[in-house]
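K.L.:
I'd like to ask some things about the structure below.
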Amino acid sequence: MQFEQYLAQRRKPRKFNRYQAKNPYADEFASELNQNLSTVEKWINGSVNTEKMIRAMQFFERYFGDRFRATEGRKVYRGQSQLVFDGTPRSYSYEKKVAEAFAENQCGWFAPGCKGYVIERLVCSLKPCSDARAFRLSLDLGKLMKAYASHKYALEREVVILNTKPKGSARIYEVVNA
């Protein structure tokens, strides 16, 4: 959860425009959509609630299919201070340097030799692969923001996937604070 807060500090707070959709939704669907967009907005701004996020991921998967899924064939990265894989939603970044910077600075500047970890995965949600369990549910926040964010050119390089133990082409490497 520290990585999500680290990502939130690197950007300005985001607001979603709940009424930007092109089709008129029924009241119930609009209410559920607004509730899930609110969950994503809080996640982007650093307030992590994994139970609500998994429901939001399931909502977007159920109603929008693969429209907001992580981009197939791209690599995603996550910086962590400990190797914990509990299967809950976690943020990954398309930018390797962001994850490495987080892993490197986990112990602070005055703890030389401290280790952080970077997890590197190849997105393989639609075609079968050994690491597909992590991408069973995924949510590309950049794609979601293009559809619903208040800023026309909102850029986001974060993907939320399930934090399972990496397999196959996925790898974990240590980053040592020098």
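The way I read the labels, and the way they are meant: chains A, B, ... in the order of the structure tokens, residue 1 as the first residue of every chain, and ligand 1 as the first ligand shown, with later ones counted on from there.
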Report as a ChimeraX atom specification: the residues of chain A with a DSSP assignment of strand (DSSP E or B), based on the backbone of this structure.

P.N.:
/A:16,75-80,89-93,115-122,138-140,149,158-162,171-176

K.L.:
Running DSSP on the backbone, which parts of stretch 75-138 of chain A land in helix (DSSP H, G or I), as JSON, numbers by chain?

P.N.:
{"A": [96, 97, 98, 99, 100, 101, 102, 103, 104, 132, 133, 134, 135]}

K.L.:
If you keep C-alpha atoms, can you produce a file of those selected residues as a PDB file, in the first residue's frame?

P.N.:
```
ATOM      1  CA  LYS A  96      10.300   0.833 -14.563  1.00  0.00           C
ATOM      2  CA  LYS A  97      12.149   3.839 -13.123  1.00  0.00           C
ATOM      3  CA  VAL A  98       9.206   4.719 -10.842  1.00  0.00           C
ATOM      4  CA  ALA A  99       9.179   1.249  -9.269  1.00  0.00           C
ATOM      5  CA  GLU A 100      12.973   1.215  -8.933  1.00  0.00           C
ATOM      6  CA  ALA A 101      13.000   4.660  -7.284  1.00  0.00           C
ATOM      7  CA  PHE A 102      10.390   3.513  -4.785  1.00  0.00           C
ATOM      8  CA  ALA A 103      12.252   0.277  -3.978  1.00  0.00           C
ATOM      9  CA  GLU A 104      15.550   2.128  -3.617  1.00  0.00           C
ATOM     10  CA  ALA A 132      -2.162 -15.064 -16.063  1.00  0.00           C
ATOM     11  CA  ARG A 133      -3.648 -15.436 -12.560  1.00  0.00           C
ATOM     12  CA  ALA A 134      -2.343 -11.961 -11.648  1.00  0.00           C
ATOM     13  CA  PHE A 135      -4.145 -10.460 -14.651  1.00  0.00           C
TER      14      PHE A 135
END
```

K.L.:
Between atom CA of A:Asn36 and atom CA of A:Tyr148, what is the spacing in Å?

P.N.:
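That distance, rounded to one decimal, is 11.6 Å.
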
K.L.:
May I ask for the distance between atom CA of A:Ile54 and atom CA of A:Gly168, given in Å to one decimal place?

P.N.:
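If I compute the distance from atom CA of A:Ile54 to atom CA of A:Gly168, I get 24.3 Å.
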
K.L.:
Can you tell me, as a CSV table (one decimal) with C-alpha atoms, in the first residue's frame, what residues are no more than 10 Å from A:Leu83 when counting only C-alpha atoms, ignoring any on the same chain fewer than 5 positions away?

P.N.:
```csv
chain,number,residue,atom,x,y,z
A,116,GLY,CA,13.9,-3.1,-1.9
A,117,TYR,CA,12.3,-5.3,-4.5
A,118,VAL,CA,11.0,-4.7,-8.0
A,119,ILE,CA,8.5,-7.1,-9.6
A,165,LYS,CA,3.3,-14.8,-6.7
A,172,ILE,CA,11.8,-10.2,-9.0
```

K.L.:
Env of A:Ser130: 12 Å cut, atoms = only C-alpha atoms, seq-sep filter 5 positions within chain, self excluded. Answer as a list in words.

P.N.:
Arg121, Leu122, Val123, Cys124, Ser125, Phe135, Arg136, Thr164, Lys165, Pro166, Lys167, Gly168, Ser169 and Ala170 of chain A

K.L.:
Which of these residues is nearest to A:Ser81, using only C-alpha atoms: A:Glu28, A:Phe64, A:Gln106, A:Gln35?

P.N.:
A:Gln106

K.L.:
Could you pull the residues within 7 Å of A:Tyr94, counting only C-alpha atoms, minus those fewer than 4 positions along the same chain, as a PyMOL selection string?

P.N.:
chain A and resi 75-77+157-158

K.L.:
Looking at A:Gln5, A:Ser31, A:Gln58, A:Ser138, which one is nearest to A:Asn45, with distances taken over only C-alpha atoms?

P.N.:
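Using only C-alpha atoms, the shortest distance to A:Asn45 belongs to A:Gln5.
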
K.L.:
Which distance in Å separates atom CA of A:Glu61 and atom CA of A:Leu137, to one decimal?

P.N.:
7.4 Å

K.L.:
Excluding A:Gln2 and its own-chain neighbours fewer than 5 positions away, which residues fall within 12 Å of it when counting only C-alpha atoms? Please give them as a PyMOL selection string.

P.N.:
chain A and resi 7-9+43+46-48+78-82+90-92+99+102-103+105-106

K.L.:
For the selection just defined, write its residues with C-alpha atoms to a file, as a tab-separated table (two decimals), in the first residue's frame.

P.N.:
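Saved to result.tsv:
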```
chain	number	residue	atom	x	y	z
A	7	LEU	CA	2.41	7.11	-6.78
A	8	ALA	CA	-0.28	9.44	-5.40
A	9	GLN	CA	2.34	11.88	-4.12
A	43	TRP	CA	-7.19	4.89	-4.96
A	46	GLY	CA	-3.58	7.42	-2.23
A	47	SER	CA	-6.47	6.16	-0.08
A	48	VAL	CA	-6.27	2.40	-0.66
A	78	ARG	CA	5.95	-2.66	-8.77
A	79	GLY	CA	8.35	-1.55	-6.05
A	80	GLN	CA	7.99	-3.27	-2.67
A	81	SER	CA	9.91	-3.32	0.58
A	82	GLN	CA	8.90	-6.92	1.36
A	90	ARG	CA	-2.13	-3.64	-6.03
A	91	SER	CA	-0.75	-0.87	-8.21
A	92	TYR	CA	1.84	-1.53	-10.86
A	99	ALA	CA	9.18	1.25	-9.27
A	102	PHE	CA	10.39	3.51	-4.78
A	103	ALA	CA	12.25	0.28	-3.98
A	105	ASN	CA	14.18	4.73	-1.21
A	106	GLN	CA	12.16	2.41	1.04
```
